[in-house]
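**Q** I have a structure I would like to understand better, so I am pasting it below and will then ask my questions one at a time.
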Amino acid sequence: MRFVLEESRVVFDVHPRVTAWFSTRLGGMSMAPFDTLNLSYGVGDIPSVVTENRRRILASAERDLEDLVMPHQVHGNHIEWVTDAWRGRGATGSQPIPATDGFLTESPQVVLGLGFADCVPIFLTDRKARFVGLLHAGWRGTAAEIGLQAIRLLRERGIAPGDLLVGIGPSIGPCCYEVDEPVRRAIRQVVGDGPLAAKDPEHWWLDLAGANRLMFERAGVPAEQILESHFCTGCRRDLFFSYRMEGRRTGRMGGYICLNPR
Ligand SMILES: [Zn+2]
């Protein structure tokens, strides 16, 4: 397993039957402040330009926009199993899957996609590539244990935590992510103090990727089967958009994963 930075994307190289990638801000058509590979229709960018950007990021993996499925994300822990019937939903903004922050699928016909600014993208598959999954874990999703919810759903299909391969992609690092007491309390309740470092009496630095790693490890995923990219979206504004660092009027990235057609 490894993360590889290519021109317009970071690839999570995990299994020969799986393609997983995360967009950078490079290689798109959008003008400032969305320059250049903004993948969100919801930030004020020109819709036709966003569609072209989405087409390009799918084409980087030799997939079509029609294969993509995207939800309306709400920072919750609801996860859906995606079937072929949903192919294309949310791909160009219309008919997204409602109120969902995680997808799992066993179908090679669909590409799972989620939008990200600084939140943690979590790529999932198992040693036999029986499925692929993608989760959106901000502090709320992490506190709601979205990773454990995925593990519960996978167990129901006979996939054990010990077989999982987990990639934790580009997201805001502990160097750039300052949180207050309510967020600290929410994170402590699920994984303890490990991912928190005191900055001053009222603020902490939070390692959100690390918090998710801990959750998977404690659920039985071997540490060597979990890989973090260690790209910080706050530090690397040459490569990524950052909601935290640039404010609301900036672009959004996308995370994608699919089983390769045989
Ligand atoms: Zn940073």
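Letters A, B, ... go to the chains of the structure tokens in the order shown; residues in each chain start at 1; ligands are counted from 1 in the same order.
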Around ligand 1, which protein and nucleic acid residues have at least one atom no more than 7 Å from it, if we count only C-alpha atoms and all ligand atoms? List them as a list in words.
**A**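 Using only C-alpha atoms and all ligand atoms, I find these residues within 7 Å of ligand 1: Ile172, Gly173, Pro174, Cys175, Cys176, Cys232, Thr233, Gly234 and Cys235 of chain A.
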**Q** I need the chosen residues saved as a PDB file, in the first residue's frame, with N, CA and C atoms.
**A**
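So selection_5.pdb came out as:
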ATOM      1  N   ILE A 172      -6.810  17.845   6.914  1.00  0.00           N
ATOM      2  CA  ILE A 172      -6.123  18.845   7.738  1.00  0.00           C
ATOM      3  C   ILE A 172      -5.338  18.152   8.854  1.00  0.00           C
ATOM      4  N   GLY A 173      -4.064  18.481   8.963  1.00  0.00           N
ATOM      5  CA  GLY A 173      -3.180  17.798   9.910  1.00  0.00           C
ATOM      6  C   GLY A 173      -3.197  18.441  11.283  1.00  0.00           C
ATOM      7  N   PRO A 174      -2.588  17.777  12.264  1.00  0.00           N
ATOM      8  CA  PRO A 174      -2.534  18.318  13.626  1.00  0.00           C
ATOM      9  C   PRO A 174      -1.758  19.633  13.697  1.00  0.00           C
ATOM     10  N   CYS A 175      -0.954  19.908  12.680  1.00  0.00           N
ATOM     11  CA  CYS A 175      -0.203  21.161  12.596  1.00  0.00           C
ATOM     12  C   CYS A 175      -1.118  22.364  12.354  1.00  0.00           C
ATOM     13  N   CYS A 176      -2.288  22.117  11.758  1.00  0.00           N
ATOM     14  CA  CYS A 176      -3.168  23.202  11.304  1.00  0.00           C
ATOM     15  C   CYS A 176      -4.568  23.151  11.887  1.00  0.00           C
ATOM     16  N   CYS A 232      -1.067  17.317   4.526  1.00  0.00           N
ATOM     17  CA  CYS A 232      -1.930  18.245   5.255  1.00  0.00           C
ATOM     18  C   CYS A 232      -2.498  19.265   4.273  1.00  0.00           C
ATOM     19  N   THR A 233      -3.838  19.321   4.197  1.00  0.00           N
ATOM     20  CA  THR A 233      -4.483  20.245   3.255  1.00  0.00           C
ATOM     21  C   THR A 233      -4.269  21.704   3.670  1.00  0.00           C
ATOM     22  N   GLY A 234      -4.007  21.928   4.960  1.00  0.00           N
ATOM     23  CA  GLY A 234      -3.745  23.294   5.434  1.00  0.00           C
ATOM     24  C   GLY A 234      -2.346  23.773   5.060  1.00  0.00           C
ATOM     25  N   CYS A 235      -1.370  22.892   5.188  1.00  0.00           N
ATOM     26  CA  CYS A 235       0.024  23.243   4.867  1.00  0.00           C
ATOM     27  C   CYS A 235       0.271  23.299   3.363  1.00  0.00           C
TER      28      CYS A 235
END
**Q** Neighbouring residues of stretch 184-195 of chain A were defined as those with any atom within 8 Å, considering only C-alpha atoms; residues of the same chain fewer than 6 positions away were excluded. Please report them as a PyMOL selection string.
**A** chain A and resi 139+142-143+145+204+206-208+210-211+214-215
**Q** Hey, can you check how far atom CA of A:Asp126 sits from atom CA of A:Glu7?
**A**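 About the pair atom CA of A:Asp126 and atom CA of A:Glu7: they are 27.2 Å apart.
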**Q** Can you tell me, as a ChimeraX atom specification, which residues in stretch 158-217 of chain A count as strand (DSSP E or B) by DSSP?
**A** /A:164-168,171,178-179,196-200,203-206
**Q** For A:Met31, work out the shell of residues within 12 Å, counting only C-alpha atoms and skipping chain neighbours fewer than 5 positions away, then give it as a PyMOL selection string.
**A** chain A and resi 25-26+36-38+44-46+49-50+53+249-251
**Q** Could you give me, as CSV, a per-residue list for stretch 117-220 of chain A showing, wherever an atom lies at most 8 Å from an atom of stretch 105-108 of chain A, the closest pair of atoms and their distance in Å to one decimal, using only C-alpha atoms and sorting by chain then residue number from low to high?
**A**
residue,atom,partner,partner_atom,distance
A:Arg130,CA,A:Glu106,CA,6.3
A:Phe131,CA,A:Glu106,CA,4.5
A:Val132,CA,A:Thr105,CA,5.6
A:Gly133,CA,A:Thr105,CA,6.4
**Q** Selection from above, all heavy atoms, as a compact mmCIF listing (two decimals), in the first residue's frame, can you write it?
**A**
# COMPACT_ATOMS: atom_id res chain seq x y z
N ARG A 130 -13.19 -7.70 -2.27
CA ARG A 130 -14.59 -8.10 -2.44
C ARG A 130 -15.52 -6.89 -2.50
O ARG A 130 -16.64 -6.97 -2.95
CB ARG A 130 -15.01 -9.02 -1.28
CG ARG A 130 -14.43 -10.41 -1.38
CD ARG A 130 -14.74 -11.23 -0.14
NE ARG A 130 -13.90 -10.80 0.97
CZ ARG A 130 -13.91 -11.39 2.18
NH1 ARG A 130 -14.72 -12.39 2.42
NH2 ARG A 130 -13.11 -10.96 3.13
N PHE A 131 -15.03 -5.77 -1.98
CA PHE A 131 -15.84 -4.54 -1.97
C PHE A 131 -14.88 -3.36 -1.98
O PHE A 131 -13.67 -3.51 -1.77
CB PHE A 131 -16.70 -4.49 -0.69
CG PHE A 131 -15.92 -3.96 0.49
CD1 PHE A 131 -16.04 -2.64 0.90
CD2 PHE A 131 -15.00 -4.76 1.13
CE1 PHE A 131 -15.28 -2.13 1.95
CE2 PHE A 131 -14.23 -4.27 2.18
CZ PHE A 131 -14.37 -2.96 2.59
N VAL A 132 -15.45 -2.17 -2.22
CA VAL A 132 -14.71 -0.93 -1.93
C VAL A 132 -15.64 0.00 -1.15
O VAL A 132 -16.87 -0.11 -1.24
CB VAL A 132 -14.21 -0.21 -3.21
CG1 VAL A 132 -13.05 -0.97 -3.84
CG2 VAL A 132 -15.34 0.03 -4.21
N GLY A 133 -15.03 0.91 -0.41
CA GLY A 133 -15.82 1.87 0.37
C GLY A 133 -15.08 3.18 0.52
O GLY A 133 -13.86 3.26 0.33
**Q** Which residue out of A:Gly162, A:Gly76, A:Gly88, A:Gly102 has the minimum interatomic distance to A:Leu134 when only C-alpha atoms are used?
**A**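 Selected residue with least distance to A:Leu134: A:Gly102.
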**Q** What's around A:Ile122 at 8 Å? Count only C-alpha atoms, leave out sequence neighbours fewer than 4 positions away in its own chain, and write the answer as a list of chain:residue names.
**A**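 So the residues in contact are A:Leu134, A:Leu135, A:His136, A:Ala137, A:Val166, A:Gly167, A:Ile168, A:Gly169.
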**Q** For the residues in the current selection, export C-alpha atoms as a PDB file, in the first residue's frame.
**A**
ATOM      1  CA  LEU A 134     -15.294   5.556   1.004  1.00  0.00           C
ATOM      2  CA  LEU A 135     -16.056   7.579   4.139  1.00  0.00           C
ATOM      3  CA  HIS A 136     -16.200  11.306   4.935  1.00  0.00           C
ATOM      4  CA  ALA A 137     -14.950  11.866   8.485  1.00  0.00           C
ATOM      5  CA  VAL A 166      -7.612   1.230   5.008  1.00  0.00           C
ATOM      6  CA  GLY A 167      -6.231   4.377   3.367  1.00  0.00           C
ATOM      7  CA  ILE A 168      -6.523   7.701   5.193  1.00  0.00           C
ATOM      8  CA  GLY A 169      -6.097  10.414   2.591  1.00  0.00           C
TER       9      GLY A 169
END
**Q** If you count only C-alpha atoms, which residues fall within 12 Å of A:Arg152, apart from same-chain ones fewer than 3 positions away, as a PyMOL selection string?
**A** chain A and resi 77-79+104+145-149+155-161+216+219-220
**Q** Compile the contact shell of A:Arg87 as JSON, numbers by chain: residues with an atom at most 9 Å away, counting only C-alpha atoms, same-chain residues fewer than 2 positions apart removed.
**A** {"A": [66, 67, 68, 69, 82, 83, 84, 85, 89, 90, 91, 109, 110, 111]}
**Q** Quick one: residues within 6 Å of A:Trp205, only C-alpha atoms counted, chain neighbours fewer than 5 positions away excluded, as a VMD selection string?
**A** chain A and resid 174 177 to 178 196 to 197
**Q** For the selection you just gave me, I'd like the residues written to a file as a compact mmCIF listing (two decimals), in the first residue's frame, keeping N, CA, C and O atoms.
**A**
# COMPACT_ATOMS: atom_id res chain seq x y z
N PRO A 174 -2.59 17.78 12.26
CA PRO A 174 -2.53 18.32 13.63
C PRO A 174 -1.76 19.63 13.70
O PRO A 174 -1.94 20.41 14.63
N TYR A 177 -4.88 22.14 12.67
CA TYR A 177 -6.26 21.95 13.10
C TYR A 177 -6.42 22.21 14.60
O TYR A 177 -6.22 21.32 15.42
N GLU A 178 -6.80 23.45 14.91
CA GLU A 178 -7.01 23.87 16.29
C GLU A 178 -8.48 23.69 16.63
O GLU A 178 -9.35 24.11 15.87
N LEU A 196 -4.92 14.33 20.68
CA LEU A 196 -5.07 15.74 21.07
C LEU A 196 -3.80 16.24 21.76
O LEU A 196 -3.24 15.55 22.60
N ALA A 197 -3.36 17.44 21.39
CA ALA A 197 -2.22 18.05 22.07
C ALA A 197 -2.62 19.46 22.51
O ALA A 197 -3.19 20.22 21.72
**Q** What are the DSSP alpha helix (DSSP H) residues of stretch 22-142 of chain A, as a ChimeraX atom specification?
**A** /A:47-59,139-142
**Q** Write a file of the just-selected residues containing C-alpha atoms, as a tab-separated table (two decimals), in the first residue's frame.
**A**
chain	number	residue	atom	x	y	z
A	47	PRO	CA	-21.65	24.77	-13.06
A	48	SER	CA	-20.47	23.86	-16.57
A	49	VAL	CA	-16.87	24.32	-15.43
A	50	VAL	CA	-17.44	22.08	-12.40
A	51	THR	CA	-18.89	19.41	-14.68
A	52	GLU	CA	-15.81	19.59	-16.91
A	53	ASN	CA	-13.56	19.34	-13.85
A	54	ARG	CA	-15.48	16.29	-12.64
A	55	ARG	CA	-15.26	14.72	-16.09
A	56	ARG	CA	-11.47	15.21	-16.00
A	57	ILE	CA	-10.94	13.70	-12.54
A	58	LEU	CA	-12.99	10.64	-13.56
A	59	ALA	CA	-11.10	10.42	-16.87
A	139	TRP	CA	-14.77	15.80	13.62
A	140	ARG	CA	-18.53	15.19	13.78
A	141	GLY	CA	-18.38	12.02	11.67
A	142	THR	CA	-15.38	10.82	13.67
**Q** Using only C-alpha atoms, pick whichever of A:Trp81, A:Phe34, A:Tyr256, A:Phe241 has the shortest atom-to-atom distance to A:Ala61.
**A** A:Tyr256
**Q** Mind giving me the straight-line distance from atom CA of A:His203 to atom CA of A:Ala223 in Å, one decimal?
**A**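 Interatomic distance, atom CA of A:His203 to atom CA of A:Ala223: 29.0 Å.
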